[in-house]
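Asker: Here it is: the structure, laid out below.
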Amino acid sequence: MSLLFAVTSGYAQDNKSAATAAVGKSEMKAEEPAPRPTPTFEVLSKESAVCVSCHMKENPALYQQWGESKHYGANVGCYECHKAEPGDADAVRHKDFLISTIVSPKDCSTCHAREVEEFDKSHHATGGLIIGSLDNFLAEVVEGSIHGNMAIRGESAAAVQGCWQCHGSPVKVLPDGKLDPATWPNSGIGRLNPDGTKGACVACHQRHSFSQEQARRPEACGKCHLGPDHPQKEIYEESKHGIAFYGNVDKMNLNSSKWIPGEDYSAAPTCATCHMSATKDLPITHDIGDRISWTLRPAISAKIDEKAKKMGKDVKSWIDRRKDMKSVCTSCHQVSWVENWYEQFDSVVHTYNDKFAKPGSTLMKMLLDAGLRTKTAFDEKIEWTWFYLWHHEGRRVRHGAAMQAPDYVQWHGFFEVAERFYMELIPEARELLEEGKKHGKTAEVEEIEKFIAEVLDRPEHMWFVGKTAPGKKAHAEMRKQFMKEFNAKEGYGDKK
């Protein structure tokens, strides 16, 4: 009642007329005192008050979300966010005002300059730059089409409703000033906006409530970070962190303004805790990768700053990033626990890289250079095999280790990587070599056969060719002796 009334209070001559406007056609009881105007709307801009007076009727859910937001409490209305300037690419005349449907990071920076600056440096901000990537080729060509009714105004429906809704895409403005349906609606994190900015704050801060609590919950990240190739949400739910969160949501104090682990809550971390939120030592950051030391996305993992440094860029080092993440961890864990865990995590990444990813990547390149596979992506089975190995199973291994989900490290990860490598990639490569021999590529075939033989003769692979790795027998005997002594000590071997 008070919120509905408050919207019209700027135009009311007295409390009675304002209350009547708020309740519409319903009559107020004679003994019921007229509600008092709220201080908020005494300073709400005239433009926003006009907007709200219509949207409260036409879009009541949108209006209610805004009414429960901190924007409402800060006198920030529709016009403050949606106002446009003459010459803006997506400016439209709506009623008596010039507005833009899209609220871009530039608009948000009017009040949230630091947050926008941090976000603009993040990998999230580059999410829309996937046009021409292998993933986008899948959606545009392999899965979909840019022709006929399979397309949305010349864009693949598979890309528009798939990849672009997470990654974002360029938003195009049609000649009549309307937004191109092939590119809008779109709340992808790296959306390329008509005003030249990158990103969509609403990807995480759901409009129009922009709730801190909602943005801090793992579900906020789950729109994009789930599925076979990057199942962070499922990994989190499997982990002890996720189990603790869902069992103690009522203890998380998610609406706290500062929300510092160990002070405002101690039950569990969420995605935001580790990657964004303040600690007793760190400020809030909207650069989601600011505390990440490995990049786990590409076929071969590298330290997060490696590529930038090769390009001569001055960026925050992976050592400093890890130091910051450890600071988050020690809000709940002892230093020794954190150090030991990082040693385990690094070993998983090195195992994936050195045992499978590097040999696999080299093999695929050698086959291409030798003309034993085509340059067209996904037109041969071995290309699908390799894509599954690194893009799906290989990522699951690494993300599972990073977020402490053992089932994703093992059965959804290393097990499937190994099966794909030994049972598919190597045999399919050998089939291509046989075809190469038939076409006179003797030298190229011999070089690749030599490489495969060298890989399979490495200690980590030689089991596959019937050999025993050096030190394996001694290692097995040592473990057997340990278990024997442990069982004897604990009495597990005594059946009396």
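Identifiers in the structure tokens: chain A, B, ... in order shown; residue index from 1 per chain; ligand index from 1 in order shown.
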Write out as a list in words which residues come within 8 Å of stretch 268-278 of chain A when counting only C-alpha atoms, dropping same-chain ones fewer than 6 positions away.
Answerer: Ala215, Arg216, Arg217, Pro218, Cys221, His241, Gly242, Ala244, Phe245, Asn248, Met252, Lys258, Trp259, Ile260, Pro261, Ile284, Thr285, His286, Asp287, Ile288, Gly289, Asp290, Arg291, Ile292, Met325, Val328 and Cys329 of chain A
Asker: Those same residues, written as a PDB file, in the first residue's frame with C-alpha atoms?
Answerer:
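Output saved as result.pdb:
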```pdb
ATOM      1  CA  ALA A 215      24.033 -12.307  -6.493  1.00  0.00           C
ATOM      2  CA  ARG A 216      25.937 -13.985  -3.674  1.00  0.00           C
ATOM      3  CA  ARG A 217      24.174 -17.332  -4.047  1.00  0.00           C
ATOM      4  CA  PRO A 218      25.773 -20.020  -6.260  1.00  0.00           C
ATOM      5  CA  CYS A 221      26.625 -18.278 -11.442  1.00  0.00           C
ATOM      6  CA  HIS A 241      31.602 -26.185   0.473  1.00  0.00           C
ATOM      7  CA  GLY A 242      28.320 -26.683  -1.379  1.00  0.00           C
ATOM      8  CA  ALA A 244      27.768 -26.871   3.933  1.00  0.00           C
ATOM      9  CA  PHE A 245      26.078 -23.954   2.164  1.00  0.00           C
ATOM     10  CA  ASN A 248      23.238 -23.758   6.475  1.00  0.00           C
ATOM     11  CA  MET A 252      24.895 -17.214   5.772  1.00  0.00           C
ATOM     12  CA  LYS A 258      30.182  -6.046   4.194  1.00  0.00           C
ATOM     13  CA  TRP A 259      29.735  -9.865   4.282  1.00  0.00           C
ATOM     14  CA  ILE A 260      33.201 -10.867   5.445  1.00  0.00           C
ATOM     15  CA  PRO A 261      33.883 -14.586   6.076  1.00  0.00           C
ATOM     16  CA  ILE A 284      35.633  -6.544  -2.968  1.00  0.00           C
ATOM     17  CA  THR A 285      36.578  -7.050  -6.621  1.00  0.00           C
ATOM     18  CA  HIS A 286      34.473  -7.352  -9.780  1.00  0.00           C
ATOM     19  CA  ASP A 287      37.404  -8.872 -11.682  1.00  0.00           C
ATOM     20  CA  ILE A 288      36.374 -12.492 -11.213  1.00  0.00           C
ATOM     21  CA  GLY A 289      39.799 -13.818 -12.230  1.00  0.00           C
ATOM     22  CA  ASP A 290      41.729 -11.586  -9.861  1.00  0.00           C
ATOM     23  CA  ARG A 291      42.404 -14.481  -7.458  1.00  0.00           C
ATOM     24  CA  ILE A 292      42.846 -17.293  -9.997  1.00  0.00           C
ATOM     25  CA  MET A 325      43.017 -16.597  -2.893  1.00  0.00           C
ATOM     26  CA  VAL A 328      40.300 -16.126   1.380  1.00  0.00           C
ATOM     27  CA  CYS A 329      40.946 -19.778   2.238  1.00  0.00           C
TER      28      CYS A 329
END
```
Asker: Write out as a PyMOL selection string the set of residues from stretch 234-306 of chain A that DSSP, computed on the backbone, places in alpha helix (DSSP H).
Answerer: chain A and resi 234-238+240-247+271-275+306
Asker: I'd like the neighbourhood of A:Glu424 as a PyMOL selection string, where a residue qualifies if any of its atoms comes within 12 Å (using only C-alpha atoms), though same-chain residues fewer than 6 positions away should be ignored.
Answerer: chain A and resi 360+381-389+416-418+430-431
Asker: So that I have them on file, write out the residues from the current selection with C-alpha atoms, as a PDB file, in the first residue's frame.
Answerer:
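This went into selection28.pdb:
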```
ATOM      1  CA  GLY A 360      47.401 -34.916 -27.645  1.00  0.00           C
ATOM      2  CA  LYS A 381      35.978 -38.197 -35.957  1.00  0.00           C
ATOM      3  CA  ILE A 382      39.384 -37.598 -34.384  1.00  0.00           C
ATOM      4  CA  GLU A 383      38.575 -33.876 -34.105  1.00  0.00           C
ATOM      5  CA  TRP A 384      35.462 -34.659 -32.080  1.00  0.00           C
ATOM      6  CA  THR A 385      37.493 -37.065 -29.958  1.00  0.00           C
ATOM      7  CA  TRP A 386      40.127 -34.430 -29.197  1.00  0.00           C
ATOM      8  CA  PHE A 387      37.471 -31.796 -28.476  1.00  0.00           C
ATOM      9  CA  TYR A 388      35.745 -34.069 -25.965  1.00  0.00           C
ATOM     10  CA  LEU A 389      39.070 -34.887 -24.327  1.00  0.00           C
ATOM     11  CA  GLU A 416      37.019 -40.350 -19.248  1.00  0.00           C
ATOM     12  CA  VAL A 417      40.142 -38.467 -20.345  1.00  0.00           C
ATOM     13  CA  ALA A 418      42.149 -41.697 -20.182  1.00  0.00           C
ATOM     14  CA  ARG A 430      46.846 -44.812 -36.309  1.00  0.00           C
ATOM     15  CA  GLU A 431      43.964 -45.256 -38.756  1.00  0.00           C
TER      16      GLU A 431
END
```
Asker: Ranking A:Lys233, A:His439, A:Lys484, A:His333 by minimum distance to A:Met403 and counting only C-alpha atoms, which one comes first?
Answerer: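 Among the listed residues, A:Lys233 lies closest to A:Met403.
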Asker: Between A:Glu80, A:Glu58, A:Asp176, A:Asp229, which one has atoms that come closest to A:Pro298, using only C-alpha atoms?
Answerer: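 Using only C-alpha atoms, the shortest distance to A:Pro298 belongs to A:Asp229.
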Asker: Need the shell around A:Lys178: protein/DNA/RNA residues with any atom at most 9 Å away, counting only C-alpha atoms. Skip same-chain ones fewer than 5 positions apart. Format as a ChimeraX atom specification?
Answerer: /A:90,92,172-173
Asker: For A:Gln214, find every residue with an atom within 10 Å (counting only C-alpha atoms), except residues of its own chain fewer than 3 positions away, and show them as a list of chain:residue names.
Answerer: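 Selected residues are A:Cys204, A:His205, A:Gln206, A:Ser209, A:Phe210, A:Ser211, A:Arg217, A:Pro218, A:Glu219, A:Ala220, A:Leu254, A:Asn255.
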Asker: Any chance you could export the current selection's all heavy atoms as an mmCIF file, in the first residue's frame?
Answerer:
```
data_model
loop_
_atom_site.group_PDB
_atom_site.id
_atom_site.type_symbol
_atom_site.label_atom_id
_atom_site.label_comp_id
_atom_site.auth_asym_id
_atom_site.auth_seq_id
_atom_site.Cartn_x
_atom_site.Cartn_y
_atom_site.Cartn_z
ATOM 1 N N CYS A 204 24.582 -10.979 -13.593
ATOM 2 C CA CYS A 204 24.732 -11.450 -12.214
ATOM 3 C C CYS A 204 23.745 -10.768 -11.270
ATOM 4 O O CYS A 204 23.221 -11.400 -10.357
ATOM 5 C CB CYS A 204 26.146 -11.186 -11.713
ATOM 6 S SG CYS A 204 27.450 -11.959 -12.692
ATOM 7 N N HIS A 205 23.507 -9.469 -11.497
ATOM 8 C CA HIS A 205 22.620 -8.693 -10.627
ATOM 9 C C HIS A 205 21.257 -8.585 -11.294
ATOM 10 O O HIS A 205 20.968 -7.637 -12.019
ATOM 11 C CB HIS A 205 23.212 -7.309 -10.381
ATOM 12 C CG HIS A 205 24.529 -7.347 -9.693
ATOM 13 N ND1 HIS A 205 24.658 -7.493 -8.331
ATOM 14 C CD2 HIS A 205 25.802 -7.281 -10.183
ATOM 15 C CE1 HIS A 205 25.943 -7.503 -8.013
ATOM 16 N NE2 HIS A 205 26.658 -7.386 -9.118
ATOM 17 N N GLN A 206 20.424 -9.569 -11.034
ATOM 18 C CA GLN A 206 19.152 -9.691 -11.744
ATOM 19 C C GLN A 206 18.295 -8.446 -11.592
ATOM 20 O O GLN A 206 18.030 -7.973 -10.498
ATOM 21 C CB GLN A 206 18.396 -10.912 -11.201
ATOM 22 C CG GLN A 206 17.082 -11.185 -11.908
ATOM 23 C CD GLN A 206 16.476 -12.491 -11.439
ATOM 24 O OE1 GLN A 206 17.178 -13.477 -11.273
ATOM 25 N NE2 GLN A 206 15.177 -12.486 -11.213
ATOM 26 N N SER A 209 15.590 -5.957 -9.109
ATOM 27 C CA SER A 209 15.805 -5.943 -7.657
ATOM 28 C C SER A 209 17.281 -5.754 -7.304
ATOM 29 O O SER A 209 17.611 -5.164 -6.289
ATOM 30 C CB SER A 209 15.298 -7.245 -7.027
ATOM 31 O OG SER A 209 15.983 -8.355 -7.570
ATOM 32 N N PHE A 210 18.179 -6.278 -8.154
ATOM 33 C CA PHE A 210 19.628 -6.140 -7.935
ATOM 34 C C PHE A 210 20.009 -6.555 -6.510
ATOM 35 O O PHE A 210 20.779 -5.885 -5.832
ATOM 36 C CB PHE A 210 20.083 -4.697 -8.220
ATOM 37 C CG PHE A 210 19.668 -4.214 -9.574
ATOM 38 C CD1 PHE A 210 18.576 -3.378 -9.728
ATOM 39 C CD2 PHE A 210 20.357 -4.627 -10.700
ATOM 40 C CE1 PHE A 210 18.179 -2.945 -10.989
ATOM 41 C CE2 PHE A 210 19.971 -4.202 -11.970
ATOM 42 C CZ PHE A 210 18.875 -3.353 -12.109
ATOM 43 N N SER A 211 19.477 -7.677 -6.099
ATOM 44 C CA SER A 211 19.641 -8.146 -4.727
ATOM 45 C C SER A 211 21.056 -8.645 -4.460
ATOM 46 O O SER A 211 21.607 -9.458 -5.205
ATOM 47 C CB SER A 211 18.640 -9.277 -4.459
ATOM 48 O OG SER A 211 18.996 -10.043 -3.353
ATOM 49 N N ARG A 217 24.499 -15.902 -4.069
ATOM 50 C CA ARG A 217 24.174 -17.332 -4.047
ATOM 51 C C ARG A 217 24.799 -18.031 -5.264
ATOM 52 O O ARG A 217 24.940 -17.431 -6.333
ATOM 53 C CB ARG A 217 22.661 -17.536 -4.045
ATOM 54 C CG ARG A 217 21.976 -17.104 -2.751
ATOM 55 C CD ARG A 217 20.494 -17.395 -2.809
ATOM 56 N NE ARG A 217 20.236 -18.817 -2.939
ATOM 57 C CZ ARG A 217 19.832 -19.615 -1.945
ATOM 58 N NH1 ARG A 217 19.643 -19.115 -0.734
ATOM 59 N NH2 ARG A 217 19.612 -20.895 -2.149
ATOM 60 N N PRO A 218 25.149 -19.305 -5.138
ATOM 61 C CA PRO A 218 25.773 -20.020 -6.260
ATOM 62 C C PRO A 218 24.876 -20.129 -7.482
ATOM 63 O O PRO A 218 25.370 -20.246 -8.606
ATOM 64 C CB PRO A 218 26.090 -21.396 -5.666
ATOM 65 C CG PRO A 218 25.234 -21.510 -4.444
ATOM 66 C CD PRO A 218 25.077 -20.132 -3.918
ATOM 67 N N GLU A 219 23.552 -20.057 -7.275
ATOM 68 C CA GLU A 219 22.650 -20.145 -8.417
ATOM 69 C C GLU A 219 22.853 -19.002 -9.398
ATOM 70 O O GLU A 219 22.577 -19.138 -10.596
ATOM 71 C CB GLU A 219 21.190 -20.142 -7.943
ATOM 72 C CG GLU A 219 20.773 -21.371 -7.163
ATOM 73 C CD GLU A 219 21.010 -21.243 -5.672
ATOM 74 O OE1 GLU A 219 21.761 -20.323 -5.254
ATOM 75 O OE2 GLU A 219 20.449 -22.040 -4.912
ATOM 76 N N ALA A 220 23.336 -17.859 -8.916
ATOM 77 C CA ALA A 220 23.569 -16.722 -9.798
ATOM 78 C C ALA A 220 24.603 -17.065 -10.862
ATOM 79 O O ALA A 220 24.524 -16.598 -12.004
ATOM 80 C CB ALA A 220 24.032 -15.511 -8.994
ATOM 81 N N LEU A 254 23.319 -13.438 4.172
ATOM 82 C CA LEU A 254 23.561 -13.023 2.800
ATOM 83 C C LEU A 254 23.230 -11.564 2.507
ATOM 84 O O LEU A 254 23.659 -11.025 1.490
ATOM 85 C CB LEU A 254 22.775 -13.931 1.837
ATOM 86 C CG LEU A 254 23.302 -15.366 1.730
ATOM 87 C CD1 LEU A 254 22.258 -16.275 1.115
ATOM 88 C CD2 LEU A 254 24.587 -15.402 0.906
ATOM 89 N N ASN A 255 22.492 -10.933 3.370
ATOM 90 C CA ASN A 255 22.135 -9.529 3.147
ATOM 91 C C ASN A 255 23.060 -8.550 3.842
ATOM 92 O O ASN A 255 22.852 -7.337 3.787
ATOM 93 C CB ASN A 255 20.694 -9.271 3.602
ATOM 94 C CG ASN A 255 19.706 -9.508 2.470
ATOM 95 O OD1 ASN A 255 19.983 -9.208 1.320
ATOM 96 N ND2 ASN A 255 18.558 -10.066 2.808
#
```
